[in-house]
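Shown next: my_file_15.pdb, given as PDB, C-alpha atoms.
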```pdb
ATOM      1  CA  MET V  70      -7.684  15.980  -6.281  1.00  0.00           C
ATOM      2  CA  ARG V  71      -7.911  16.020 -10.046  1.00  0.00           C
ATOM      3  CA  MET V  72      -4.166  16.317 -10.289  1.00  0.00           C
ATOM      4  CA  ILE V  73      -3.605  13.454  -7.895  1.00  0.00           C
ATOM      5  CA  ILE V  74      -6.061  11.169  -9.665  1.00  0.00           C
ATOM      6  CA  ALA V  75      -4.522  11.976 -13.013  1.00  0.00           C
ATOM      7  CA  ALA V  76      -1.010  11.421 -11.718  1.00  0.00           C
ATOM      8  CA  LEU V  77      -1.829   8.107 -10.114  1.00  0.00           C
ATOM      9  CA  ALA V  78      -3.758   6.904 -13.122  1.00  0.00           C
ATOM     10  CA  ALA V  79      -0.929   7.827 -15.430  1.00  0.00           C
ATOM     11  CA  LEU V  80       1.473   6.108 -13.098  1.00  0.00           C
ATOM     12  CA  SER V  81      -0.200   2.760 -13.445  1.00  0.00           C
ATOM     13  CA  LEU V  82      -2.124   2.827 -16.693  1.00  0.00           C
ATOM     14  CA  SER V  83       0.987   3.617 -18.662  1.00  0.00           C
ATOM     15  CA  ALA V  84       2.354   0.316 -17.495  1.00  0.00           C
ATOM     16  CA  CYS V  85      -0.828  -1.492 -18.438  1.00  0.00           C
ATOM     17  CA  ALA V  86      -0.835  -0.258 -21.997  1.00  0.00           C
ATOM     18  CA  VAL V  87       1.626  -2.940 -22.976  1.00  0.00           C
ATOM     19  CA  ALA V  88       0.884  -6.500 -21.962  1.00  0.00           C
ATOM     20  CA  PRO V  89       3.530  -8.812 -23.287  1.00  0.00           C
ATOM     21  CA  THR V  90       2.216 -12.319 -23.605  1.00  0.00           C
ATOM     22  CA  ALA V  91       4.380 -13.832 -26.317  1.00  0.00           C
ATOM     23  CA  PRO V  92       6.564 -16.797 -25.385  1.00  0.00           C
ATOM     24  CA  PRO V  93       9.727 -15.937 -23.447  1.00  0.00           C
ATOM     25  CA  GLY V  94      12.646 -15.014 -25.588  1.00  0.00           C
ATOM     26  CA  THR V  95      10.697 -13.990 -28.669  1.00  0.00           C
ATOM     27  CA  ALA V  96      11.232 -10.680 -30.408  1.00  0.00           C
ATOM     28  CA  SER V  97       7.817  -9.413 -29.361  1.00  0.00           C
ATOM     29  CA  THR V  98       8.591 -10.141 -25.729  1.00  0.00           C
ATOM     30  CA  ILE V  99      11.790  -8.150 -25.926  1.00  0.00           C
ATOM     31  CA  ASP V 100      10.036  -5.312 -27.742  1.00  0.00           C
ATOM     32  CA  ALA V 101       7.333  -5.194 -25.114  1.00  0.00           C
ATOM     33  CA  ALA V 102       9.908  -5.196 -22.361  1.00  0.00           C
ATOM     34  CA  ALA V 103      11.695  -2.320 -24.016  1.00  0.00           C
ATOM     35  CA  THR V 104       8.466  -0.358 -24.337  1.00  0.00           C
ATOM     36  CA  ILE V 105       7.669  -0.792 -20.672  1.00  0.00           C
ATOM     37  CA  ALA V 106      11.218   0.079 -19.703  1.00  0.00           C
ATOM     38  CA  ASP V 107      11.033   3.266 -21.743  1.00  0.00           C
ATOM     39  CA  ALA V 108       7.695   4.209 -20.233  1.00  0.00           C
ATOM     40  CA  THR V 109       8.705   3.629 -16.650  1.00  0.00           C
ATOM     41  CA  ASN V 110      12.442   4.351 -16.623  1.00  0.00           C
ATOM     42  CA  LEU V 111      13.192   0.738 -15.901  1.00  0.00           C
ATOM     43  CA  PRO V 112      16.621  -0.733 -16.572  1.00  0.00           C
ATOM     44  CA  PRO V 113      17.340  -2.137 -20.082  1.00  0.00           C
ATOM     45  CA  PRO V 114      15.061  -4.956 -21.313  1.00  0.00           C
ATOM     46  CA  VAL V 115      17.686  -7.621 -20.790  1.00  0.00           C
ATOM     47  CA  THR V 116      17.119  -7.335 -17.059  1.00  0.00           C
ATOM     48  CA  VAL V 117      13.333  -7.340 -17.213  1.00  0.00           C
ATOM     49  CA  ALA V 118      12.612  -9.704 -20.073  1.00  0.00           C
ATOM     50  CA  ASP V 119      10.916 -12.392 -18.021  1.00  0.00           C
ATOM     51  CA  ARG V 120       7.439 -12.672 -19.476  1.00  0.00           C
ATOM     52  CA  THR V 121       5.654 -13.779 -16.333  1.00  0.00           C
ATOM     53  CA  THR V 122       7.155 -11.028 -14.242  1.00  0.00           C
ATOM     54  CA  LEU V 123       6.105  -8.365 -16.739  1.00  0.00           C
ATOM     55  CA  ASP V 124       2.592  -9.753 -17.079  1.00  0.00           C
ATOM     56  CA  GLU V 125       1.981  -9.812 -13.376  1.00  0.00           C
ATOM     57  CA  THR V 126       3.577  -6.477 -12.733  1.00  0.00           C
ATOM     58  CA  ALA V 127       1.355  -4.861 -15.345  1.00  0.00           C
ATOM     59  CA  ALA V 128      -1.700  -6.625 -13.965  1.00  0.00           C
ATOM     60  CA  ILE V 129      -0.907  -5.496 -10.425  1.00  0.00           C
ATOM     61  CA  ALA V 130      -0.391  -1.952 -11.632  1.00  0.00           C
ATOM     62  CA  PHE V 131      -3.727  -2.088 -13.436  1.00  0.00           C
ATOM     63  CA  GLU V 132      -5.582  -3.327 -10.358  1.00  0.00           C
ATOM     64  CA  SER V 133      -3.859  -0.719  -8.222  1.00  0.00           C
ATOM     65  CA  THR V 134      -4.924   2.030 -10.565  1.00  0.00           C
ATOM     66  CA  VAL V 135      -8.553   0.979 -10.394  1.00  0.00           C
ATOM     67  CA  THR V 136      -8.365   0.867  -6.616  1.00  0.00           C
ATOM     68  CA  VAL V 137      -6.843   4.309  -6.302  1.00  0.00           C
ATOM     69  CA  VAL V 138      -9.421   5.817  -8.644  1.00  0.00           C
ATOM     70  CA  ALA V 139     -12.213   4.088  -6.704  1.00  0.00           C
ATOM     71  CA  ASP V 140     -10.826   5.226  -3.340  1.00  0.00           C
ATOM     72  CA  LEU V 141     -10.482   8.815  -4.438  1.00  0.00           C
ATOM     73  CA  ALA V 142     -13.918   8.736  -6.068  1.00  0.00           C
ATOM     74  CA  THR V 143     -15.310   7.463  -2.763  1.00  0.00           C
ATOM     75  CA  LEU V 144     -13.621  10.336  -1.024  1.00  0.00           C
ATOM     76  CA  ALA V 145     -15.162  12.781  -3.483  1.00  0.00           C
ATOM     77  CA  VAL V 146     -18.618  11.272  -2.972  1.00  0.00           C
ATOM     78  CA  LYS V 147     -18.350  11.281   0.825  1.00  0.00           C
ATOM     79  CA  THR V 148     -17.178  14.869   0.952  1.00  0.00           C
ATOM     80  CA  GLY V 149     -20.029  16.005  -1.265  1.00  0.00           C
ATOM     81  CA  ARG V 150     -17.756  17.049  -4.113  1.00  0.00           C
ATOM     82  CA  VAL V 151     -19.889  15.055  -6.545  1.00  0.00           C
ATOM     83  CA  PRO V 152     -23.323  16.684  -6.909  1.00  0.00           C
ATOM     84  CA  THR V 153     -26.275  14.457  -6.065  1.00  0.00           C
ATOM     85  CA  ALA V 154     -27.602  14.849  -9.597  1.00  0.00           C
ATOM     86  CA  LYS V 155     -24.433  13.238 -10.933  1.00  0.00           C
ATOM     87  CA  LEU V 156     -24.540  10.217  -8.629  1.00  0.00           C
ATOM     88  CA  PRO V 157     -26.766   7.965 -10.782  1.00  0.00           C
ATOM     89  CA  GLU V 158     -24.444   8.483 -13.721  1.00  0.00           C
ATOM     90  CA  LEU V 159     -21.450   7.782 -11.519  1.00  0.00           C
ATOM     91  CA  ARG V 160     -23.084   4.585 -10.330  1.00  0.00           C
ATOM     92  CA  GLU V 161     -23.536   3.462 -13.932  1.00  0.00           C
ATOM     93  CA  ARG V 162     -19.938   4.248 -14.746  1.00  0.00           C
ATOM     94  CA  VAL V 163     -18.740   2.281 -11.717  1.00  0.00           C
ATOM     95  CA  ALA V 164     -20.782  -0.697 -12.870  1.00  0.00           C
ATOM     96  CA  TRP V 165     -19.206  -0.390 -16.310  1.00  0.00           C
ATOM     97  CA  ALA V 166     -15.760  -0.220 -14.738  1.00  0.00           C
ATOM     98  CA  ARG V 167     -16.430  -3.307 -12.629  1.00  0.00           C
ATOM     99  CA  THR V 168     -17.487  -5.266 -15.712  1.00  0.00           C
ATOM    100  CA  ALA V 169     -14.427  -4.075 -17.593  1.00  0.00           C
ATOM    101  CA  VAL V 170     -12.130  -5.081 -14.745  1.00  0.00           C
ATOM    102  CA  GLY V 171     -13.684  -8.532 -14.783  1.00  0.00           C
ATOM    103  CA  ALA V 172     -13.017  -8.790 -18.505  1.00  0.00           C
ATOM    104  CA  VAL V 173      -9.363  -7.866 -17.988  1.00  0.00           C
ATOM    105  CA  ARG V 174      -8.982 -10.537 -15.321  1.00  0.00           C
ATOM    106  CA  ALA V 175     -10.607 -13.133 -17.544  1.00  0.00           C
ATOM    107  CA  ALA V 176      -8.350 -12.193 -20.452  1.00  0.00           C
ATOM    108  CA  TYR V 177      -5.313 -12.351 -18.189  1.00  0.00           C
ATOM    109  CA  ASP V 178      -6.312 -15.817 -17.044  1.00  0.00           C
ATOM    110  CA  THR V 179      -6.514 -17.059 -20.611  1.00  0.00           C
ATOM    111  CA  GLY V 180      -3.100 -15.590 -21.418  1.00  0.00           C
ATOM    112  CA  ASN V 181      -4.211 -14.397 -24.845  1.00  0.00           C
ATOM    113  CA  ALA V 182      -2.362 -11.272 -25.917  1.00  0.00           C
ATOM    114  CA  ALA V 183      -5.017  -9.924 -28.265  1.00  0.00           C
ATOM    115  CA  SER V 184      -7.925 -10.328 -25.887  1.00  0.00           C
ATOM    116  CA  TYR V 185      -5.885  -8.931 -23.001  1.00  0.00           C
ATOM    117  CA  ARG V 186      -4.953  -5.826 -24.952  1.00  0.00           C
ATOM    118  CA  ALA V 187      -8.555  -5.304 -26.029  1.00  0.00           C
ATOM    119  CA  ALA V 188      -9.831  -5.777 -22.486  1.00  0.00           C
ATOM    120  CA  VAL V 189      -7.301  -3.353 -21.051  1.00  0.00           C
ATOM    121  CA  THR V 190      -8.212  -0.768 -23.670  1.00  0.00           C
ATOM    122  CA  SER V 191     -11.902  -1.048 -22.802  1.00  0.00           C
ATOM    123  CA  ALA V 192     -11.148  -0.953 -19.097  1.00  0.00           C
ATOM    124  CA  ARG V 193      -9.056   2.169 -19.468  1.00  0.00           C
ATOM    125  CA  GLN V 194     -12.043   3.848 -21.094  1.00  0.00           C
ATOM    126  CA  ALA V 195     -14.354   2.684 -18.323  1.00  0.00           C
ATOM    127  CA  ILE V 196     -12.026   3.835 -15.574  1.00  0.00           C
ATOM    128  CA  ALA V 197     -11.487   7.127 -17.329  1.00  0.00           C
ATOM    129  CA  GLY V 198     -15.269   7.520 -17.325  1.00  0.00           C
ATOM    130  CA  VAL V 199     -15.325   7.357 -13.539  1.00  0.00           C
ATOM    131  CA  GLN V 200     -12.251   9.508 -13.249  1.00  0.00           C
ATOM    132  CA  THR V 201     -13.548  12.182 -15.603  1.00  0.00           C
ATOM    133  CA  LEU V 202     -16.885  12.486 -13.891  1.00  0.00           C
ATOM    134  CA  VAL V 203     -15.350  12.730 -10.436  1.00  0.00           C
ATOM    135  CA  SER V 204     -12.441  14.998 -11.318  1.00  0.00           C
ATOM    136  CA  GLY V 205     -14.700  17.170 -13.412  1.00  0.00           C
ATOM    137  CA  ASP V 206     -16.701  18.004 -10.312  1.00  0.00           C
ATOM    138  CA  VAL V 207     -13.812  18.489  -7.949  1.00  0.00           C
ATOM    139  CA  ARG V 208     -12.090  21.817  -7.960  1.00  0.00           C
TER     140      ARG V 208
ATOM    141  CA  MET W   3       7.256   8.871 -18.578  1.00  0.00           C
ATOM    142  CA  LYS W   4       8.983   9.679 -15.317  1.00  0.00           C
ATOM    143  CA  LEU W   5       7.421   8.215 -12.204  1.00  0.00           C
ATOM    144  CA  PRO W   6       6.853  10.386  -9.169  1.00  0.00           C
ATOM    145  CA  THR W   7       8.885   9.309  -6.209  1.00  0.00           C
ATOM    146  CA  LEU W   8       7.121   7.460  -3.447  1.00  0.00           C
ATOM    147  CA  GLN W   9       7.691  10.419  -1.153  1.00  0.00           C
ATOM    148  CA  GLN W  10       6.132  12.851  -3.636  1.00  0.00           C
ATOM    149  CA  ALA W  11       3.069  10.688  -4.081  1.00  0.00           C
ATOM    150  CA  THR W  12       2.733  10.092  -0.348  1.00  0.00           C
ATOM    151  CA  ASP W  13       3.055  13.793   0.427  1.00  0.00           C
ATOM    152  CA  ALA W  14       0.352  14.647  -2.103  1.00  0.00           C
ATOM    153  CA  ILE W  15      -2.056  12.056  -0.738  1.00  0.00           C
ATOM    154  CA  ASP W  16      -1.352  13.040   2.866  1.00  0.00           C
ATOM    155  CA  ALA W  17      -2.077  16.659   1.984  1.00  0.00           C
ATOM    156  CA  LEU W  18      -5.410  15.548   0.580  1.00  0.00           C
ATOM    157  CA  GLY W  19      -6.138  13.659   3.787  1.00  0.00           C
ATOM    158  CA  ARG W  20      -5.412  16.691   5.931  1.00  0.00           C
ATOM    159  CA  LEU W  21      -7.734  18.781   3.785  1.00  0.00           C
ATOM    160  CA  THR W  22     -10.608  16.330   3.858  1.00  0.00           C
ATOM    161  CA  GLY W  23     -10.158  14.551   7.169  1.00  0.00           C
ATOM    162  CA  HIS W  24     -10.898  11.209   5.513  1.00  0.00           C
ATOM    163  CA  SER W  25      -8.056   8.933   6.465  1.00  0.00           C
ATOM    164  CA  ALA W  26      -9.325   5.529   5.326  1.00  0.00           C
ATOM    165  CA  GLU W  27      -9.219   6.196   1.600  1.00  0.00           C
ATOM    166  CA  VAL W  28      -6.010   8.167   1.965  1.00  0.00           C
ATOM    167  CA  ASN W  29      -4.320   5.293   3.757  1.00  0.00           C
ATOM    168  CA  ALA W  30      -5.489   2.890   1.089  1.00  0.00           C
ATOM    169  CA  ALA W  31      -4.186   5.127  -1.661  1.00  0.00           C
ATOM    170  CA  ASN W  32      -0.848   5.453   0.086  1.00  0.00           C
ATOM    171  CA  SER W  33      -0.479   1.709   0.347  1.00  0.00           C
ATOM    172  CA  LEU W  34      -1.253   1.266  -3.318  1.00  0.00           C
ATOM    173  CA  VAL W  35       1.195   3.903  -4.424  1.00  0.00           C
ATOM    174  CA  ALA W  36       3.857   2.170  -2.359  1.00  0.00           C
ATOM    175  CA  ILE W  37       3.104  -1.126  -4.101  1.00  0.00           C
ATOM    176  CA  VAL W  38       3.236   0.357  -7.582  1.00  0.00           C
ATOM    177  CA  VAL W  39       6.419   2.319  -6.994  1.00  0.00           C
ATOM    178  CA  ASP W  40       8.040  -0.714  -5.405  1.00  0.00           C
ATOM    179  CA  LEU W  41       7.126  -2.972  -8.328  1.00  0.00           C
ATOM    180  CA  PHE W  42       8.748  -0.681 -10.857  1.00  0.00           C
ATOM    181  CA  ASP W  43      12.107  -0.352  -9.177  1.00  0.00           C
ATOM    182  CA  GLY W  44      13.579  -2.769 -11.711  1.00  0.00           C
ATOM    183  CA  GLN W  45      14.487  -5.429  -9.182  1.00  0.00           C
ATOM    184  CA  PRO W  46      13.527  -9.061  -9.849  1.00  0.00           C
ATOM    185  CA  ARG W  47      10.636 -10.517  -7.893  1.00  0.00           C
ATOM    186  CA  GLU W  48       9.849 -14.043  -6.835  1.00  0.00           C
ATOM    187  CA  GLN W  49       6.978 -15.616  -8.739  1.00  0.00           C
ATOM    188  CA  ALA W  50       5.138 -16.510  -5.559  1.00  0.00           C
ATOM    189  CA  GLN W  51       5.459 -12.960  -4.297  1.00  0.00           C
ATOM    190  CA  LEU W  52       4.029 -11.562  -7.517  1.00  0.00           C
ATOM    191  CA  GLN W  53       1.137 -13.996  -7.484  1.00  0.00           C
ATOM    192  CA  ALA W  54       0.315 -13.120  -3.889  1.00  0.00           C
ATOM    193  CA  THR W  55       0.539  -9.406  -4.615  1.00  0.00           C
ATOM    194  CA  TYR W  56      -1.722  -9.787  -7.634  1.00  0.00           C
ATOM    195  CA  ALA W  57      -4.293 -11.731  -5.624  1.00  0.00           C
ATOM    196  CA  ALA W  58      -4.241  -9.103  -2.891  1.00  0.00           C
ATOM    197  CA  ALA W  59      -4.545  -6.334  -5.459  1.00  0.00           C
ATOM    198  CA  LYS W  60      -7.662  -7.913  -6.927  1.00  0.00           C
ATOM    199  CA  GLU W  61      -9.249  -8.211  -3.501  1.00  0.00           C
ATOM    200  CA  ARG W  62      -8.399  -4.607  -2.747  1.00  0.00           C
ATOM    201  CA  THR W  63      -9.925  -3.472  -6.032  1.00  0.00           C
ATOM    202  CA  ASP W  64     -13.161  -5.314  -5.323  1.00  0.00           C
ATOM    203  CA  ALA W  65     -13.341  -3.847  -1.823  1.00  0.00           C
ATOM    204  CA  SER W  66     -12.721  -0.326  -3.081  1.00  0.00           C
ATOM    205  CA  LEU W  67     -15.388  -0.595  -5.763  1.00  0.00           C
ATOM    206  CA  ALA W  68     -17.807  -1.918  -3.156  1.00  0.00           C
ATOM    207  CA  ARG W  69     -17.041   1.031  -0.852  1.00  0.00           C
ATOM    208  CA  LEU W  70     -17.673   3.394  -3.739  1.00  0.00           C
ATOM    209  CA  ASP W  71     -21.010   1.750  -4.441  1.00  0.00           C
ATOM    210  CA  THR W  72     -21.924   2.067  -0.770  1.00  0.00           C
ATOM    211  CA  ALA W  73     -20.914   5.720  -0.638  1.00  0.00           C
ATOM    212  CA  ILE W  74     -23.050   6.485  -3.682  1.00  0.00           C
ATOM    213  CA  ALA W  75     -26.015   4.577  -2.266  1.00  0.00           C
ATOM    214  CA  ASP W  76     -25.684   6.361   1.082  1.00  0.00           C
ATOM    215  CA  ARG W  77     -25.659   9.753  -0.559  1.00  0.00           C
ATOM    216  CA  LEU W  78     -28.654   8.897  -2.732  1.00  0.00           C
ATOM    217  CA  ALA W  79     -30.486   7.683   0.360  1.00  0.00           C
ATOM    218  CA  GLY W  80     -29.711  10.925   2.119  1.00  0.00           C
ATOM    219  CA  ARG W  81     -27.479   9.301   4.715  1.00  0.00           C
TER     220      ARG W  81
END
```

Please go through the file and, once you have read it, give me the structure as structure tokens.
Amino acid sequence: MRMIIAALAALSLSACAVAPTAPPGTASTIDAAATIADATNLPPPVTVADRTTLDETAAIAFESTVTVVADLATLAVKTGRVPTAKLPELRERVAWARTAVGAVRAAYDTGNAASYRAAVTSARQAIAGVQTLVSGDVR
Amino acid sequence: MKLPTLQQATDAIDALGRLTGHSAEVNAANSLVAIVVDLFDGQPREQAQLQATYAAAKERTDASLARLDTAIADRLAGR
């Protein structure tokens, strides 16, 4: 399970690391597109340089990552792979993750690049907290 | 980074489901992997489609976090 969680998280979080929000056609938009293309084996930036498309794709990937981690964590809890003594800590980490996800959504709604990047960074830490606790107990 | 193929990801998740016998979370994970792999195929998407997918993704995230909370509470309550 640890391998699957790590693979799925890497699959989506790598796409979330870059959140291009500069106006279409600017150098930073193209750079961000190139970074995402490199990270995900996408075609050259010229074919994926639409800002809105990239923003939403990254946001969808981020949400999907959180969902997969939550689903697999639920599975680990239901199957007893997470010791009872660890459950209160897991509950706290889930609450942290939920707050962080809300911050990412709010930052996305405002369309501010700096706040979105900061929110995604915090959320990645929060999600990793859930992931680490669960995967650390699953062999 | 090289993405796993949809088939590879699906096979891995299905194997987990067979081991644990918990199909609900496995099905959810499969659906999500399909979405993510599909989004990164490099093909253009309609704006309305992306917005709808994003809205659905947010709902799915909230539901999954709620299920996790419930599972934790059930275990702590000895259920």

* Could you list, as a list in words, the residues of chain W having an atom within 7 Å of chain V when counting only C-alpha atoms? =>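 Filtering chain W at 7 Å from chain V with only C-alpha atoms gives Met3, Lys4, Leu5, Glu27, Ala31, Leu34, Val38, Leu41, Phe42, Asp43, Gly44, Leu52, Tyr56, Ala59, Lys60, Arg62, Thr63, Ser66, Leu67, Arg69, Leu70, Asp71, Ala73, Ile74 and Leu78 of chain W.
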
In Å and to one decimal, atom CA of W:Ala65 is distant from atom CA of V:Thr168 by 14.6 Å

Pairwise distance, atom CA of V:Ala172 with atom CA of W:Thr55, equals 19.4 Å

The distance between atom CA of V:Val199 and atom CA of V:Val173 is 16.9 Å
